[in-house]
$ cat entry_15.txt   # compact mmCIF, C-alpha atoms
# COMPACT_ATOMS: atom_id res chain seq x y z
CA MET A 1 2.74 -12.51 -22.21
CA VAL A 2 -0.48 -14.47 -21.96
CA LYS A 3 -3.15 -13.55 -24.47
CA ARG A 4 -6.44 -14.06 -22.74
CA ILE A 5 -9.88 -13.41 -24.08
CA VAL A 6 -11.67 -11.38 -21.46
CA VAL A 7 -15.30 -12.39 -21.79
CA GLY A 8 -18.10 -13.36 -19.45
CA ALA A 9 -18.86 -12.31 -15.94
CA HIS A 10 -16.62 -12.34 -12.86
CA TYR A 11 -13.33 -12.11 -14.67
CA GLY A 12 -11.93 -9.67 -12.14
CA LEU A 13 -11.30 -6.91 -14.69
CA LYS A 14 -13.58 -4.52 -12.81
CA ASP A 15 -11.67 -5.13 -9.57
CA TRP A 16 -8.34 -4.75 -11.32
CA LEU A 17 -9.43 -1.43 -12.82
CA ALA A 18 -11.00 -0.21 -9.55
CA GLN A 19 -7.77 -0.95 -7.69
CA ARG A 20 -5.85 1.25 -10.14
CA LEU A 21 -8.37 4.11 -10.26
CA THR A 22 -8.61 4.25 -6.46
CA ALA A 23 -4.79 4.22 -6.34
CA VAL A 24 -4.67 7.31 -8.58
CA ALA A 25 -7.32 9.05 -6.43
CA MET A 26 -5.32 8.34 -3.25
CA ALA A 27 -2.08 9.47 -4.90
CA ILE A 28 -3.70 12.85 -5.75
CA TYR A 29 -4.90 13.24 -2.14
CA THR A 30 -1.38 12.38 -0.91
CA LEU A 31 0.06 15.14 -3.11
CA LEU A 32 -2.54 17.54 -1.66
CA TRP A 33 -1.26 16.68 1.83
CA LEU A 34 2.35 17.19 0.76
CA ALA A 35 1.38 20.60 -0.66
CA ILE A 36 -0.34 21.56 2.62
CA ALA A 37 2.63 20.34 4.69
CA GLY A 38 5.05 22.21 2.43
CA TYR A 39 2.97 25.41 2.60
CA TYR A 40 2.42 25.57 6.38
CA GLY A 41 5.53 23.83 7.71
CA SER A 42 4.53 23.02 11.27
CA VAL A 43 0.97 22.42 12.47
CA ASP A 44 -0.70 23.53 15.71
CA HIS A 45 -4.13 22.54 16.94
CA GLU A 46 -5.86 25.69 15.66
CA LEU A 47 -4.63 25.19 12.10
CA TRP A 48 -5.35 21.47 12.31
CA GLN A 49 -9.00 22.12 13.28
CA ALA A 50 -9.39 24.89 10.70
CA LEU A 51 -8.17 22.49 8.03
CA PHE A 52 -10.75 19.87 8.98
CA ALA A 53 -13.47 22.53 9.35
CA ASN A 54 -13.15 23.20 5.63
CA THR A 55 -15.97 21.34 3.84
CA ALA A 56 -13.97 20.79 0.65
CA PHE A 57 -11.16 19.24 2.66
CA ARG A 58 -13.64 17.04 4.54
CA VAL A 59 -15.21 15.83 1.31
CA ALA A 60 -11.75 15.17 -0.20
CA THR A 61 -10.80 13.21 2.93
CA LEU A 62 -14.03 11.22 2.77
CA LEU A 63 -13.37 10.40 -0.91
CA PHE A 64 -9.83 9.33 0.02
CA GLY A 65 -11.28 7.12 2.77
CA LEU A 66 -13.78 5.49 0.41
CA ALA A 67 -11.08 4.93 -2.23
CA LEU A 68 -8.88 3.40 0.48
CA LEU A 69 -11.73 1.15 1.65
CA TRP A 70 -12.34 -0.16 -1.87
CA HIS A 71 -8.61 -0.52 -2.61
CA ALA A 72 -7.93 -2.35 0.67
CA TRP A 73 -10.86 -4.68 0.08
CA ILE A 74 -9.48 -5.80 -3.30
CA GLY A 75 -5.94 -6.14 -1.93
CA MET A 76 -6.95 -8.09 1.18
CA ARG A 77 -9.29 -10.29 -0.86
CA ASP A 78 -6.35 -11.12 -3.15
CA ILE A 79 -4.20 -12.04 -0.13
CA TRP A 80 -6.91 -14.27 1.38
CA MET A 81 -7.50 -15.91 -2.01
CA ASP A 82 -3.79 -16.64 -2.44
CA TYR A 83 -2.95 -18.04 0.97
CA ILE A 84 -6.13 -19.30 2.67
CA LYS A 85 -7.29 -22.46 0.93
CA PRO A 86 -10.13 -23.74 3.21
CA THR A 87 -13.24 -22.08 1.82
CA ALA A 88 -15.04 -21.59 5.14
CA LEU A 89 -12.04 -19.89 6.73
CA ARG A 90 -11.42 -17.73 3.65
CA LEU A 91 -15.05 -16.58 3.48
CA THR A 92 -14.97 -15.78 7.19
CA LEU A 93 -11.82 -13.68 6.80
CA GLU A 94 -13.27 -11.93 3.74
CA MET A 95 -16.46 -11.14 5.62
CA LEU A 96 -14.48 -9.85 8.62
CA THR A 97 -12.46 -7.64 6.25
CA VAL A 98 -15.65 -6.14 4.83
CA VAL A 99 -17.13 -5.56 8.30
CA VAL A 100 -13.92 -3.96 9.59
CA LEU A 101 -13.64 -1.70 6.54
CA LEU A 102 -17.28 -0.59 6.85
CA CYS A 103 -16.72 0.15 10.54
CA TYR A 104 -13.68 2.26 9.61
CA ALA A 105 -15.82 4.14 7.08
CA GLY A 106 -18.40 4.87 9.77
CA TRP A 107 -15.64 5.94 12.17
CA LEU A 108 -14.15 8.28 9.56
CA ILE A 109 -17.54 9.92 8.88
CA ASP A 110 -18.00 10.33 12.64
CA ILE A 111 -14.57 11.98 12.96
CA LEU A 112 -15.22 14.29 10.01
CA TRP A 113 -18.82 15.32 10.68
CA GLY A 114 -19.56 14.20 14.22
CA ALA A 115 -20.26 16.65 17.04
CA ARG A 116 -17.12 18.15 18.46
CA MET B 1 21.80 -15.49 -16.21
CA ARG B 2 20.92 -14.99 -19.85
CA HIS B 3 24.32 -16.29 -20.83
CA ARG B 4 23.90 -19.48 -18.82
CA ARG B 5 20.54 -20.15 -20.37
CA SER B 6 21.82 -19.87 -23.96
CA LYS B 7 24.61 -22.30 -23.13
CA SER B 8 22.25 -24.95 -21.82
CA MET B 9 19.96 -24.49 -24.83
CA SER B 10 22.81 -25.38 -27.20
CA SER B 11 23.43 -28.81 -25.61
CA VAL B 12 21.58 -31.15 -27.96
CA GLU B 13 21.85 -34.40 -26.01
CA ARG B 14 19.60 -33.06 -23.26
CA PRO B 15 16.40 -35.11 -22.81
CA VAL B 16 13.17 -33.32 -23.65
CA THR B 17 11.68 -33.78 -20.21
CA LYS B 18 14.49 -33.25 -17.78
CA PRO B 19 13.55 -33.77 -14.15
CA ARG B 20 13.91 -30.35 -12.63
CA PRO B 21 14.08 -29.57 -8.95
CA VAL B 22 11.07 -27.65 -7.72
CA TYR B 23 12.06 -25.24 -4.99
CA LEU B 24 8.94 -24.28 -3.14
CA ASN B 25 11.13 -24.03 -0.08
CA LEU B 26 10.93 -20.31 0.70
CA VAL B 27 14.46 -20.33 2.18
CA ARG B 28 15.95 -21.69 -1.04
CA ILE B 29 14.08 -19.47 -3.50
CA ARG B 30 16.19 -16.50 -4.51
CA LEU B 31 13.73 -13.82 -5.52
CA PRO B 32 14.88 -11.39 -8.23
CA LEU B 33 14.70 -7.70 -7.33
CA PRO B 34 11.24 -7.11 -8.91
CA GLY B 35 10.03 -10.10 -6.88
CA ILE B 36 11.35 -8.57 -3.67
CA VAL B 37 9.63 -5.26 -4.47
CA SER B 38 6.45 -7.19 -5.25
CA ILE B 39 6.30 -9.16 -2.00
CA LEU B 40 7.18 -6.00 -0.03
CA HIS B 41 4.30 -4.27 -1.84
CA ARG B 42 1.99 -6.99 -0.55
CA ILE B 43 3.44 -7.00 2.98
CA SER B 44 3.32 -3.20 3.24
CA GLY B 45 -0.28 -3.20 1.98
CA ALA B 46 -1.34 -5.76 4.57
CA ALA B 47 0.49 -3.82 7.32
CA LEU B 48 -1.22 -0.59 6.30
CA PHE B 49 -4.62 -2.32 6.53
CA LEU B 50 -3.97 -4.21 9.76
CA VAL B 51 -1.97 -1.60 11.73
CA GLY B 52 -1.95 1.67 9.79
CA LEU B 53 -5.69 2.21 9.30
CA PRO B 54 -6.85 1.82 12.93
CA LEU B 55 -3.88 3.86 14.21
CA LEU B 56 -4.45 6.60 11.63
CA LEU B 57 -8.13 6.88 12.57
CA ALA B 58 -7.39 6.86 16.30
CA TRP B 59 -4.69 9.51 15.88
CA MET B 60 -6.98 11.59 13.69
CA GLN B 61 -9.76 11.46 16.25
CA SER B 62 -7.60 12.31 19.27
CA SER B 63 -5.71 15.07 17.46
CA LEU B 64 -8.94 16.79 16.39
CA ALA B 65 -10.94 16.45 19.62
CA SER B 66 -9.51 19.31 21.71
CA PRO B 67 -6.30 21.36 22.22
CA GLU B 68 -5.52 19.17 25.26
CA SER B 69 -5.93 15.90 23.35
CA PHE B 70 -3.89 17.39 20.47
CA ASP B 71 -1.03 18.05 22.92
CA ALA B 72 -1.48 14.59 24.45
CA PHE B 73 -1.26 13.15 20.93
CA ARG B 74 1.98 15.06 20.24
CA ALA B 75 3.37 13.92 23.59
CA ALA B 76 2.47 10.30 22.78
CA LEU B 77 4.38 10.66 19.49
CA ALA B 78 7.50 11.65 21.45
CA ASN B 79 7.67 8.08 22.76
CA PRO B 80 10.49 6.26 20.89
CA LEU B 81 8.33 3.16 20.39
CA ALA B 82 5.56 5.27 18.82
CA LYS B 83 8.18 6.88 16.58
CA ILE B 84 9.47 3.49 15.43
CA VAL B 85 5.93 2.32 14.61
CA LEU B 86 5.23 5.61 12.80
CA ILE B 87 8.47 5.39 10.77
CA GLY B 88 7.63 1.77 9.89
CA LEU B 89 4.19 2.84 8.68
CA ILE B 90 5.68 5.77 6.75
CA TRP B 91 8.02 3.33 4.98
CA ALA B 92 5.05 1.02 4.27
CA TYR B 93 3.09 3.93 2.77
CA ILE B 94 5.99 5.24 0.67
CA HIS B 95 7.03 1.80 -0.56
CA HIS B 96 3.42 0.86 -1.38
CA PHE B 97 3.03 4.23 -3.15
CA CYS B 98 6.23 3.97 -5.23
CA ALA B 99 5.79 0.28 -6.09
CA GLY B 100 2.16 1.02 -7.02
CA MET B 101 3.25 3.84 -9.34
CA ARG B 102 5.69 1.39 -10.96
CA TYR B 103 2.83 -1.07 -11.53
CA LEU B 104 0.74 1.69 -13.13
CA LEU B 105 3.66 2.39 -15.48
CA LEU B 106 4.04 -1.34 -16.24
CA ASP B 107 0.31 -1.42 -17.01
CA ILE B 108 0.80 1.21 -19.70
CA HIS B 109 3.77 -0.77 -21.07
CA GLN B 110 6.61 1.31 -19.66
CA PHE B 111 9.84 -0.40 -18.48
CA ILE B 112 8.52 -3.86 -19.35
CA GLU B 113 11.79 -5.24 -20.76
CA LEU B 114 13.88 -7.25 -18.29
CA LYS B 115 16.62 -4.69 -17.72
CA PRO B 116 14.40 -1.58 -17.28
CA ALA B 117 12.06 -3.62 -15.09
CA ARG B 118 14.95 -4.56 -12.80
CA GLN B 119 16.26 -1.00 -12.77
CA SER B 120 12.86 0.49 -11.94
CA SER B 121 12.39 -2.01 -9.10
CA ALA B 122 15.80 -0.96 -7.70
CA VAL B 123 14.72 2.70 -7.97
CA VAL B 124 11.50 1.94 -6.05
CA LEU B 125 13.32 0.03 -3.32
CA ILE B 126 16.09 2.61 -2.82
CA ALA B 127 13.92 5.73 -3.24
CA SER B 128 11.39 4.60 -0.61
CA LEU B 129 14.18 3.72 1.84
CA VAL B 130 15.93 7.08 1.28
CA LEU B 131 12.65 9.04 1.61
CA THR B 132 11.80 7.15 4.81
CA LEU B 133 15.28 7.86 6.17
CA ILE B 134 14.93 11.60 5.43
CA ILE B 135 11.48 11.80 7.06
CA GLY B 136 12.63 9.57 9.94
CA VAL B 137 15.62 11.78 10.72
CA ARG B 138 13.44 14.91 10.65
CA LEU B 139 10.83 13.24 12.83
CA TRP B 140 13.27 12.03 15.48
$ encode --input "entry_15.txt" --output "structure tokens"
Amino acid sequence: MVKRIVVGAHYGLKDWLAQRLTAVAMAIYTLLWLAIAGYYGSVDHELWQALFANTAFRVATLLFGLALLWHAWIGMRDIWMDYIKPTALRLTLEMLTVVVLLCYAGWLIDILWGAR
Amino acid sequence: MRHRRSKSMSSVERPVTKPRPVYLNLVRIRLPLPGIVSILHRISGAALFLVGLPLLLAWMQSSLASPESFDAFRAALANPLAKIVLIGLIWAYIHHFCAGMRYLLLDIHQFIELKPARQSSAVVLIASLVLTLIIGVRLW
């Protein structure tokens, strides 16, 4: 085990912790889904819409989406950092990742609260 | 493996800096089980971001829009190719979930000795495959 002294800025501890906390949040939401699936069995369109009409469920889904966005950002950033050595290409891919994730967030909000 | 190492340690006439082969050749590296679980955790995570997220959002949107689009969505899922993609994504989610839980346990110093670490990685690998198989059979 490496004993490191975690001092100074930009050590990555915040990202490391955020990745774990968002993982726990997503795991709880996954268990909520399993509970719903176990309770109702099969799903028709009426039930499906009623589920997403529930504000608490919408908010929980939005929180899951935001946790996923943050979690995916850290994970994809790690992958780009490990395998893409040219700085310009890596920064481009990182920026694209951020843009795509923000677009997905907008799309999710539109699905959840947009006019139907 | 442990046995072999202790044997080589006992040979005194070994030079201090022995030229060792460096296998960065991916075909020659034999990953231990925790290493396999680790790289699959990374691959499944990337797949979930690249394929899973856009598909999930598109499916969510079409399934919520109207009763007709909900039925169209169910009909699209009846396609064997769609089922294979869905089962692949379900495996990716379950494997990423289970391997992630194992990392959370490692973070709080559970199963960190060599043997428990290997056993827990085997549990993750097998459990996610079995769960995927069960869901896959029910889905088909």
$ interface_residues --input "entry_15.txt" --of "chain A" --to "chain B" --cutoff "9 Å" --atoms "all atoms listed in the file" --output "PyMOL selection string"
chain A and resi 20+23-24+27+44-46+48-49+52+72+75-76+79+104+107-108+111-112+116
$ atom_distance --input "entry_15.txt" --atom1 "atom CA of B:Ser38" --atom2 "atom CA of A:Cys103"
29.0 Å
$ atom_distance --input "entry_15.txt" --atom1 "atom CA of B:Trp59" --atom2 "atom CA of B:Ile84"
15.4 Å
$ atom_distance --input "entry_15.txt" --atom1 "atom CA of B:Trp140" --atom2 "atom CA of A:Ser42"
14.7 Å
$ residues_near_point --input "entry_15.txt" --point "(3.7, 2.5, 6.6)" --cutoff "9 Å" --atoms "all atoms listed in the file" --output "VMD selection string"
chain B and resid 44 to 45 47 to 48 51 to 52 85 to 96
$ residues_around --input "entry_15.txt" --residues "B:Leu114" --least-positions-apart "3" --cutoff "12 Å" --atoms "only C-alpha atoms" --output "PDB file with C-alpha atoms, in the frame of the given file"
ATOM      1  CA  MET B   1      21.800 -15.490 -16.210  1.00  0.00           C
ATOM      2  CA  ARG B   2      20.920 -14.990 -19.850  1.00  0.00           C
ATOM      3  CA  PRO B  32      14.880 -11.390  -8.230  1.00  0.00           C
ATOM      4  CA  LEU B  33      14.700  -7.700  -7.330  1.00  0.00           C
ATOM      5  CA  PRO B  34      11.240  -7.110  -8.910  1.00  0.00           C
ATOM      6  CA  LEU B 106       4.040  -1.340 -16.240  1.00  0.00           C
ATOM      7  CA  GLN B 110       6.610   1.310 -19.660  1.00  0.00           C
ATOM      8  CA  PHE B 111       9.840  -0.400 -18.480  1.00  0.00           C
ATOM      9  CA  ALA B 117      12.060  -3.620 -15.090  1.00  0.00           C
ATOM     10  CA  ARG B 118      14.950  -4.560 -12.800  1.00  0.00           C
ATOM     11  CA  GLN B 119      16.260  -1.000 -12.770  1.00  0.00           C
ATOM     12  CA  SER B 120      12.860   0.490 -11.940  1.00  0.00           C
ATOM     13  CA  SER B 121      12.390  -2.010  -9.100  1.00  0.00           C
TER      14      SER B 121
END
$ closest_residue --input "entry_15.txt" --among "A:Leu101, A:Leu17, A:Leu47, A:Ile36" --to "A:Gly65" --atoms "only C-alpha atoms"
A:Leu101
$ residues_around --input "entry_15.txt" --residues "A:Thr55" --least-positions-apart "5" --cutoff "10 Å" --atoms "all atoms listed in the file" --output "JSON list (two decimals) with C-alpha atoms, in the coordinates of the input"
[["chain", "number", "residue", "atom", "x", "y", "z"],
["A", 60, "ALA", "CA", -11.75, 15.17, -0.20],
["A", 61, "THR", "CA", -10.80, 13.21, 2.93],
["A", 112, "LEU", "CA", -15.22, 14.29, 10.01],
["A", 113, "TRP", "CA", -18.82, 15.32, 10.68]]
